[in-house]
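Here is the file target.tsv (TSV, C-alpha atoms and all ligand atoms).
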```
chain	number	residue	atom	x	y	z
A	1	MET	CA	-2.45	-3.07	20.37
A	2	ARG	CA	-3.91	-3.81	16.99
A	3	GLU	CA	-5.29	-1.71	14.19
A	4	THR	CA	-6.98	-2.62	10.99
A	5	VAL	CA	-5.30	-0.65	8.29
A	6	PRO	CA	-6.69	1.00	6.22
A	7	MET	CA	-8.92	1.87	9.12
A	8	ASP	CA	-10.72	4.77	7.49
A	9	SER	CA	-12.78	2.52	5.22
A	10	GLN	CA	-16.47	2.71	5.93
A	11	LYS	CA	-18.14	0.63	3.25
A	12	GLU	CA	-17.81	-3.06	2.64
A	13	PHE	CA	-15.93	-4.23	-0.43
A	14	THR	CA	-16.45	-7.81	-1.63
A	15	SER	CA	-13.68	-9.08	-3.86
A	16	GLY	CA	-14.64	-11.09	-6.95
A	17	ILE	CA	-13.21	-12.52	-10.17
A	18	THR	CA	-16.24	-13.34	-12.33
A	19	PRO	CA	-18.16	-10.30	-13.58
A	20	PRO	CA	-21.96	-10.32	-13.24
A	21	ALA	CA	-23.64	-11.89	-16.26
A	22	GLU	CA	-26.15	-9.09	-16.61
A	23	ARG	CA	-25.69	-5.59	-15.38
A	24	THR	CA	-28.06	-2.66	-15.76
A	25	GLU	CA	-26.61	-0.45	-13.02
A	26	PRO	CA	-23.58	1.82	-13.50
A	27	ALA	CA	-20.24	0.52	-12.19
A	28	TRP	CA	-17.12	2.21	-10.81
A	29	TRP	CA	-14.32	2.29	-13.37
A	30	PHE	CA	-10.73	2.30	-12.16
A	31	ALA	CA	-8.91	3.24	-15.34
A	32	PHE	CA	-5.14	3.41	-15.45
A	33	GLN	CA	-2.72	4.90	-17.90
A	34	GLN	CA	0.56	3.36	-16.72
A	35	ASP	CA	0.18	3.77	-12.94
A	36	LYS	CA	-1.97	6.90	-13.10
A	37	LEU	CA	-5.67	6.76	-12.24
A	38	LEU	CA	-8.39	8.49	-14.27
A	39	VAL	CA	-10.25	10.82	-11.88
A	40	ARG	CA	-13.08	13.31	-12.25
A	41	THR	CA	-12.07	16.79	-11.20
A	42	GLU	CA	-15.35	18.74	-11.35
A	43	SER	CA	-15.13	19.58	-7.65
A	44	SER	CA	-12.31	19.82	-5.10
A	45	GLN	CA	-13.17	16.28	-3.96
A	46	LEU	CA	-12.08	13.88	-6.70
A	47	SER	CA	-14.40	11.19	-7.98
A	48	LEU	CA	-14.31	8.29	-10.44
A	49	PRO	CA	-16.26	7.52	-13.60
A	50	CYS	CA	-19.50	5.71	-12.68
A	51	LEU	CA	-20.99	4.34	-15.91
A	52	ILE	CA	-22.58	1.22	-17.37
A	53	HIS	CA	-19.92	0.90	-20.09
A	54	PHE	CA	-16.42	2.31	-19.94
A	55	GLY	CA	-16.69	3.03	-23.66
A	56	GLU	CA	-19.14	5.86	-22.87
A	57	LEU	CA	-16.05	7.95	-22.10
A	58	GLY	CA	-14.83	7.55	-25.67
A	59	LEU	CA	-11.75	5.64	-24.48
A	60	ILE	CA	-10.82	2.15	-25.63
A	61	PRO	CA	-9.70	-0.20	-22.83
A	62	LEU	CA	-6.69	-2.44	-23.54
A	63	CYS	CA	-7.88	-4.89	-20.89
A	64	GLN	CA	-10.70	-5.16	-18.38
A	65	HIS	CA	-10.71	-6.93	-15.00
A	66	TYR	CA	-13.63	-7.40	-12.67
A	67	LEU	CA	-12.64	-6.53	-9.08
A	68	GLY	CA	-15.76	-7.16	-7.01
A	69	HIS	CA	-18.40	-4.86	-5.61
A	70	LEU	CA	-18.52	-2.02	-3.14
A	71	GLU	CA	-21.83	-2.44	-1.35
A	72	GLY	CA	-23.50	-3.71	-4.50
A	73	ARG	CA	-21.83	-1.36	-6.99
A	74	HIS	CA	-19.59	-3.34	-9.31
A	75	CYS	CA	-15.97	-2.30	-9.79
A	76	PHE	CA	-13.79	-2.81	-12.85
A	77	ALA	CA	-10.13	-2.10	-13.55
A	78	VAL	CA	-9.15	-1.13	-17.08
A	79	GLU	CA	-5.98	-0.01	-18.74
A	80	VAL	CA	-5.86	2.59	-21.48
A	81	GLY	CA	-3.04	3.26	-23.91
A	82	GLU	CA	-0.39	5.94	-23.48
A	83	GLU	CA	-1.94	8.00	-26.28
A	84	ALA	CA	-5.38	8.18	-24.57
A	85	LYS	CA	-6.44	11.72	-23.70
A	86	PRO	CA	-8.53	12.22	-20.54
A	87	PRO	CA	-12.16	13.27	-21.24
A	88	ALA	CA	-13.35	16.75	-20.23
A	89	GLU	CA	-13.12	17.48	-16.48
A	90	MET	CA	-11.00	14.39	-15.92
A	91	THR	CA	-7.29	13.79	-15.52
A	92	PHE	CA	-4.81	10.97	-14.89
A	93	GLU	CA	-3.15	11.28	-11.49
A	94	GLY	CA	-0.69	9.21	-9.42
A	95	LEU	CA	-2.24	7.27	-6.54
A	96	ARG	CA	-0.17	9.04	-3.88
A	97	GLN	CA	-1.43	12.37	-5.19
A	98	VAL	CA	-5.09	11.36	-5.02
A	99	HIS	CA	-4.96	10.03	-1.45
A	100	GLY	CA	-7.05	12.24	0.82
A	101	ARG	CA	-8.88	13.81	-2.14
A	102	LEU	CA	-10.71	10.66	-3.27
A	103	ASP	CA	-13.16	8.68	-1.12
A	104	GLU	CA	-11.06	6.39	1.12
A	105	ASP	CA	-12.90	3.22	0.07
A	106	LEU	CA	-12.44	3.99	-3.62
A	107	PHE	CA	-8.78	4.80	-2.98
A	108	TRP	CA	-8.04	1.36	-1.52
A	109	ILE	CA	-9.91	-0.37	-4.36
A	110	ALA	CA	-7.78	1.67	-6.76
A	111	ALA	CA	-4.75	0.31	-4.87
A	112	ARG	CA	-5.93	-3.22	-5.73
A	113	ALA	CA	-6.83	-2.28	-9.28
A	114	VAL	CA	-3.43	-0.82	-10.16
A	115	GLN	CA	-1.68	-4.00	-9.01
A	116	ILE	CA	-3.97	-6.28	-11.02
A	117	VAL	CA	-3.54	-4.18	-14.16
A	118	GLU	CA	0.24	-4.15	-13.67
A	119	TRP	CA	0.39	-7.90	-13.02
A	120	ASP	CA	-1.70	-8.62	-16.12
A	121	LYS	CA	0.51	-6.40	-18.25
A	122	THR	CA	3.79	-7.90	-17.04
A	123	HIS	CA	2.72	-11.58	-17.07
A	124	GLN	CA	1.53	-12.03	-20.63
A	125	PHE	CA	4.02	-14.80	-21.38
A	126	CYS	CA	5.22	-17.88	-19.54
A	127	GLY	CA	8.49	-17.23	-17.70
A	128	ARG	CA	9.55	-20.86	-18.26
A	129	CYS	CA	8.65	-21.61	-21.88
A	130	GLY	CA	7.69	-18.26	-23.35
A	131	VAL	CA	4.22	-19.00	-24.75
A	132	ARG	CA	1.27	-16.69	-24.18
A	133	MET	CA	-0.47	-17.30	-20.83
A	134	ASN	CA	-4.19	-17.98	-20.42
A	135	THR	CA	-6.13	-16.14	-17.74
A	136	ARG	CA	-8.06	-18.46	-15.44
A	137	PRO	CA	-11.74	-17.55	-15.36
A	138	THR	CA	-12.43	-18.43	-11.72
A	139	GLU	CA	-9.31	-17.32	-9.85
A	140	ARG	CA	-6.83	-14.48	-10.12
A	141	ALA	CA	-4.20	-16.53	-11.89
A	142	LYS	CA	-2.60	-17.11	-15.26
A	143	GLU	CA	-1.74	-20.55	-16.55
A	144	CYS	CA	0.68	-21.60	-19.25
A	145	PRO	CA	-1.17	-23.77	-21.81
A	146	ARG	CA	2.06	-25.63	-22.65
A	147	CYS	CA	3.84	-26.34	-19.37
A	148	GLY	CA	1.11	-25.57	-16.81
A	149	LEU	CA	3.12	-22.93	-14.90
A	150	LEU	CA	0.84	-20.74	-12.77
A	151	HIS	CA	1.37	-17.05	-12.10
A	152	PHE	CA	-0.52	-15.32	-9.32
A	153	PRO	CA	-0.51	-11.57	-8.70
A	154	ARG	CA	2.85	-10.58	-7.30
A	155	LEU	CA	3.05	-9.42	-3.70
A	156	ALA	CA	6.28	-8.48	-1.97
A	157	PRO	CA	5.90	-8.73	1.82
A	158	ALA	CA	7.85	-6.12	3.76
A	159	ILE	CA	8.15	-5.66	7.50
A	160	ILE	CA	7.96	-2.26	9.14
A	161	VAL	CA	8.93	-1.89	12.78
A	162	LEU	CA	8.89	0.68	15.54
A	163	ILE	CA	11.59	0.30	18.22
A	164	GLU	CA	10.75	1.65	21.64
A	165	ARG	CA	13.23	2.44	24.42
A	166	GLY	CA	11.38	3.81	27.44
A	167	LYS	CA	9.94	7.16	26.35
A	168	GLN	CA	11.95	7.14	23.14
A	169	LEU	CA	11.44	5.66	19.71
A	170	LEU	CA	14.00	5.09	16.99
A	171	LEU	CA	13.54	7.02	13.76
A	172	ALA	CA	15.82	6.96	10.75
A	173	ARG	CA	16.28	8.87	7.53
A	174	SER	CA	16.62	7.01	4.27
A	175	LYS	CA	18.42	8.75	1.42
A	176	ARG	CA	15.21	8.43	-0.60
A	177	PHE	CA	13.09	10.42	1.88
A	178	ALA	CA	11.92	14.01	1.43
A	179	THR	CA	14.18	16.56	3.14
A	180	GLY	CA	13.99	16.40	6.94
A	181	MET	CA	11.63	13.44	7.09
A	182	TYR	CA	12.28	10.50	9.41
A	183	SER	CA	10.42	7.20	9.74
A	184	VAL	CA	10.52	3.78	11.34
A	185	LEU	CA	12.58	0.99	9.77
A	186	ALA	CA	11.27	-1.18	6.95
A	187	GLY	CA	12.57	-3.82	4.60
A	188	PHE	CA	11.56	-6.69	2.36
A	189	VAL	CA	11.21	-10.20	3.72
A	190	GLU	CA	13.74	-12.61	2.22
A	191	PRO	CA	12.87	-16.10	0.94
A	192	GLY	CA	12.98	-18.60	3.79
A	193	GLU	CA	12.63	-16.02	6.53
A	194	SER	CA	9.86	-15.67	9.09
A	195	LEU	CA	8.47	-12.18	9.65
A	196	GLU	CA	10.11	-12.03	13.10
A	197	GLU	CA	13.47	-13.02	11.62
A	198	ALA	CA	13.08	-10.30	9.00
A	199	VAL	CA	12.38	-7.75	11.76
A	200	GLU	CA	15.52	-8.76	13.69
A	201	ARG	CA	17.70	-8.83	10.57
A	202	GLU	CA	16.54	-5.45	9.23
A	203	ILE	CA	17.13	-3.77	12.57
A	204	ARG	CA	20.55	-5.36	12.96
A	205	GLU	CA	21.59	-4.49	9.39
A	206	GLU	CA	20.25	-0.94	9.28
A	207	VAL	CA	21.03	0.36	12.78
A	208	GLY	CA	23.01	-2.41	14.55
A	209	LEU	CA	20.60	-2.87	17.45
A	210	ASN	CA	19.03	-5.90	19.13
A	211	VAL	CA	15.35	-5.96	20.01
A	212	LYS	CA	12.92	-8.10	22.00
A	213	GLU	CA	9.13	-8.31	22.41
A	214	ILE	CA	8.39	-8.21	18.68
A	215	ARG	CA	4.61	-7.83	18.43
A	216	TYR	CA	2.26	-7.68	15.47
A	217	PHE	CA	0.68	-4.24	15.00
A	218	GLY	CA	-1.31	-4.39	11.76
A	219	SER	CA	-0.84	-4.59	8.03
A	220	GLN	CA	-1.45	-2.45	5.00
A	221	PRO	CA	-1.46	-2.99	1.26
A	222	TRP	CA	1.14	-0.71	-0.29
A	223	PRO	CA	0.64	-0.51	-4.04
A	224	PHE	CA	3.96	1.23	-4.84
A	225	PRO	CA	4.27	-0.99	-6.73
A	226	HIS	CA	3.13	-4.26	-5.06
A	227	SER	CA	4.09	-4.54	-1.40
A	228	LEU	CA	2.24	-5.74	1.63
A	229	MET	CA	3.50	-3.91	4.71
A	230	ILE	CA	3.37	-5.96	7.92
A	231	GLY	CA	3.80	-3.73	10.95
A	232	PHE	CA	5.42	-4.62	14.28
A	233	THR	CA	6.39	-2.95	17.51
A	234	SER	CA	9.50	-4.00	19.41
A	235	THR	CA	11.52	-3.05	22.45
A	236	TYR	CA	15.21	-2.13	22.47
A	237	ALA	CA	17.32	-4.92	23.96
A	238	GLY	CA	20.90	-3.72	23.47
A	239	GLY	CA	23.58	-2.29	21.21
A	240	GLU	CA	24.69	1.14	20.01
A	241	ILE	CA	23.27	2.76	16.88
A	242	SER	CA	25.53	1.94	13.97
A	243	ILE	CA	23.96	2.77	10.62
A	244	ASP	CA	24.30	1.04	7.29
A	245	ALA	CA	25.33	4.07	5.25
A	246	SER	CA	24.19	2.53	1.99
A	247	GLU	CA	20.58	2.49	3.25
A	248	ILE	CA	20.34	5.01	6.07
A	249	GLU	CA	21.57	8.59	6.26
A	250	THR	CA	21.08	9.05	9.98
A	251	ALA	CA	19.13	7.47	12.85
A	252	GLY	CA	18.43	8.48	16.41
A	253	TRP	CA	16.19	8.30	19.46
A	254	PHE	CA	13.30	10.74	19.71
A	255	THR	CA	10.64	11.55	22.29
A	256	VAL	CA	7.13	12.83	21.55
A	257	ASP	CA	8.37	16.31	22.53
A	258	ASN	CA	11.02	16.54	19.81
A	259	LEU	CA	9.77	14.69	16.76
A	260	PRO	CA	11.12	15.46	13.28
A	261	ALA	CA	8.96	15.63	10.12
A	262	LEU	CA	6.99	12.39	9.83
A	263	PRO	CA	5.53	10.35	6.93
A	264	GLY	CA	2.01	11.15	5.67
A	265	LYS	CA	-1.18	9.78	7.21
A	266	ILE	CA	-1.61	7.31	4.34
A	267	SER	CA	1.16	5.06	5.65
A	268	ILE	CA	1.27	2.39	8.31
A	269	ALA	CA	4.60	3.98	9.33
A	270	ARG	CA	2.65	7.00	10.51
A	271	LYS	CA	0.04	4.83	12.23
A	272	LEU	CA	2.83	3.08	14.18
A	273	ILE	CA	4.31	6.43	15.19
A	274	ASP	CA	0.89	7.91	16.04
A	275	ALA	CA	0.16	4.93	18.30
A	276	PHE	CA	3.49	5.56	20.09
A	277	ILE	CA	2.63	9.27	20.42
A	278	ALA	CA	-0.82	8.46	21.81
A	279	LYS	CA	0.73	6.12	24.37
A	280	HIS	CA	3.40	8.59	25.51
A	281	SER	CA	1.91	12.07	25.04
A	282	HIS	CA	0.12	11.89	28.36
A	283	GLU	CA	3.46	11.32	30.14
A	284	ALA	CA	5.05	14.14	28.12
A	285	ALA	CA	2.26	16.56	28.99
A	286	PHE	CA	2.58	15.57	32.63
A	287	SER	CA	6.34	16.12	32.73
A	288	ARG	CA	5.99	19.48	30.87
A	289	HIS	CA	3.38	20.51	33.38
A	290	ARG	CA	5.77	19.69	36.19
A	291	GLY	CA	8.51	21.64	34.42
B	301	ZN	ZN	5.11	-22.49	-19.92
```
What does this structure look like when you write it as C-alpha cells?
Amino acid sequence: MRETVPMDSQKEFTSGITPPAERTEPAWWFAFQQDKLLVRTESSQLSLPCLIHFGELGLIPLCQHYLGHLEGRHCFAVEVGEEAKPPAEMTFEGLRQVHGRLDEDLFWIAARAVQIVEWDKTHQFCGRCGVRMNTRPTERAKECPRCGLLHFPRLAPAIIVLIERGKQLLLARSKRFATGMYSVLAGFVEPGESLEEAVEREIREEVGLNVKEIRYFGSQPWPFPHSLMIGFTSTYAGGEISIDASEIETAGWFTVDNLPALPGKISIARKLIDAFIAKHSHEAAFSRHRG
C-alpha cells in the first residue's frame, strides 16, 4: 500500500533556484512574518497576493527567494519585518490555521517557502568560523567565503509508524496533544540509524513492543518547523505495552469501532490511520451486521 502525500495536489509544481531573467506576468508571493503567512481574506476561501512586484503591497521584503513555478506561474518567498502591517483585506496567519482554507497546491508551496525563509534567516554566518555566508546562485546552499563550509536547508527526518495487531491498531497520547486526541507513534531518526532501525527503536522506547513486517507507506513534508515525515506500517510481534512516561501519557489497542479523537486530515498520521480504517471497516460492518 502506497500513497503519495500530499495527495490532494492537482497542479504541477516545478522547483527552481534561479529566477526568470524577465518577467511580465504576475507571480505568487509567499510572504512570511516570522512563521506566519500573508493571506488575502476577501472571501471565505483564502488566497495569496498575485502581483508582478511584491512592493506593490507597500511592504518592504527583507529577503527574496525564487521557489519555482506552479504550472508556469512563478513563486517567490519573502520575509517581512515584525513591524510590517498587513495591507487591507489581508492578514498574517499560521500555516496550520490556513490548511483547508487555502488552495492545497499553494499550501504545500507555502510549506516549502517557510522553511527556506527560516533557513536563510538562521544561517547568515558560518558555524565554523563566524564570517558572513554567501548564497550560491545555482543551488539551494550557502557557502563560507573563508573556510568553504556549505550549509544546505535543514531537514530533520522523522519516522511515523502504525502498529497493527489483527483487527487492532496501537494509538498513543503524547502530553503535547490536544485533549482526548490519540495518534500513531513518531520520532526523529538519530545519526547513524536506518529508517527501519529508527522504527524499531521508537516503538521499543515509547511502548515497549516488538514489531515485524515494517513496510514503507509514504512520506510528507512537515514544515513545523523542518521535518520530513516518513511513514511505515508494521505488525505486532510481541511484548506488553509499557509506556515511556516522559513521552507518552497513555497507549492502547483500538479497533475501527471504538476509535478516539484522531489527528487532522493534514497529517500523514491521519492518512496511516485512515488506510487502516479503510482496510478493516468492511470486517467491522460485517461483524456488526452479524451482531
Ligand atoms: Zn567558515
### Message
I'd like the neighbourhood of Lys85 in chain A as a list of chain:residue names, where a residue qualifies if any of its atoms comes within 10 Å (using all atoms listed in the file), though same-chain residues fewer than 4 positions away should be ignored.
### Response
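Selected residues are A:Gln33, A:Gly58, A:Leu59, A:Val80, A:Gly81, A:Met90, A:Thr91, A:Phe92.
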#### Entry: Distance in Å - CA of Gly180 in chain A versus CA of Ile248 in chain A
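The value is 13.1 Å.
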#### Entry: All residues having an atom within 7 Å of ligand ZN 301 (chain B) (all atoms listed in the file) as a PyMOL selection string
chain A and resi 126-131+144-149
#### Entry: Contacts of range 273-280 of chain A at 7 Å (all atoms listed in the file; same-chain gap of 3+ positions) as a PyMOL selection string
chain A and resi 167+256+269-270+283-284
## Note on the structure
The distance between CA of Pro153 in chain A and CA of Cys63 in chain A is 15.7 Å
### Message
Using all atoms listed in the file, can you tell me which of A:Arg201, A:His65, A:His226, A:Arg96 comes closest to Thr135 in chain A?
### Response
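Of all the options, A:His65 lies closest to Thr135 in chain A.
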### Task
Please identify all polymer residues within 7 Å of range 158-164 of chain A, counting all atoms listed in the file, omitting same-chain residues fewer than 2 positions from it, and present them as a PyMOL selection string.
chain A and resi 156+166+168-170+184-189+195+198-199+227-236+272
### Task
Find the residue from A:Leu46, A:Val78, A:Leu259, A:Ile243 that sits nearest to Gln97 in chain A; use all atoms listed in the file when measuring.
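Among A:Leu46, A:Val78, A:Leu259, A:Ile243, it is A:Leu46 that comes nearest to Gln97 in chain A.
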### Query
Taking all atoms listed in the file into account, which of A:Glu143, A:Asp35, A:Glu71, A:Asp105 comes nearest Glu93 in chain A?
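Nearest candidate to Glu93 in chain A out of A:Glu143, A:Asp35, A:Glu71, A:Asp105: A:Asp35.
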### Point-to-point distance in Å for CA of His69 in chain A and CA of Leu102 in chain A
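One can read the CA of Leu102 in chain A to CA of His69 in chain A distance as 17.5 Å.
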### Query
So, counting all atoms listed in the file, which residue among A:Gly100, A:Pro86, A:Glu206, A:Ala251 is closest to Gln45 in chain A?
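Comparing A:Gly100, A:Pro86, A:Glu206, A:Ala251 against Gln45 in chain A, the winner is A:Gly100.
Residues in contact with Glu22 in chain A at 12 Å, where all atoms listed in the file are counted and same-chain residues fewer than 4 positions away are skipped, are listed as Thr18, Pro26, Ile52 and His74 of chain A.
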### Of the listed residues A:Met133, A:Ser281, A:Glu197, A:Ala110, that which approaches Asn258 in chain A most closely, counting all atoms listed in the file
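Closest to Asn258 in chain A of all the choices is A:Ser281.
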### Message
Measuring between only C-alpha atoms, which one of A:Ile116, A:Leu155, A:Ile266, A:Ala261 shows the shortest distance to Glu104 in chain A?
### Response
A:Ile266
Edge lengths and centre in Å, axis-aligned, range 99-105 of chain A plus 8 Å each side, as JSON:
```
{"center_x": -9.1, "center_y": 8.5, "center_z": -1.1, "size_x": 24.2, "size_y": 26.6, "size_z": 20.4}
```
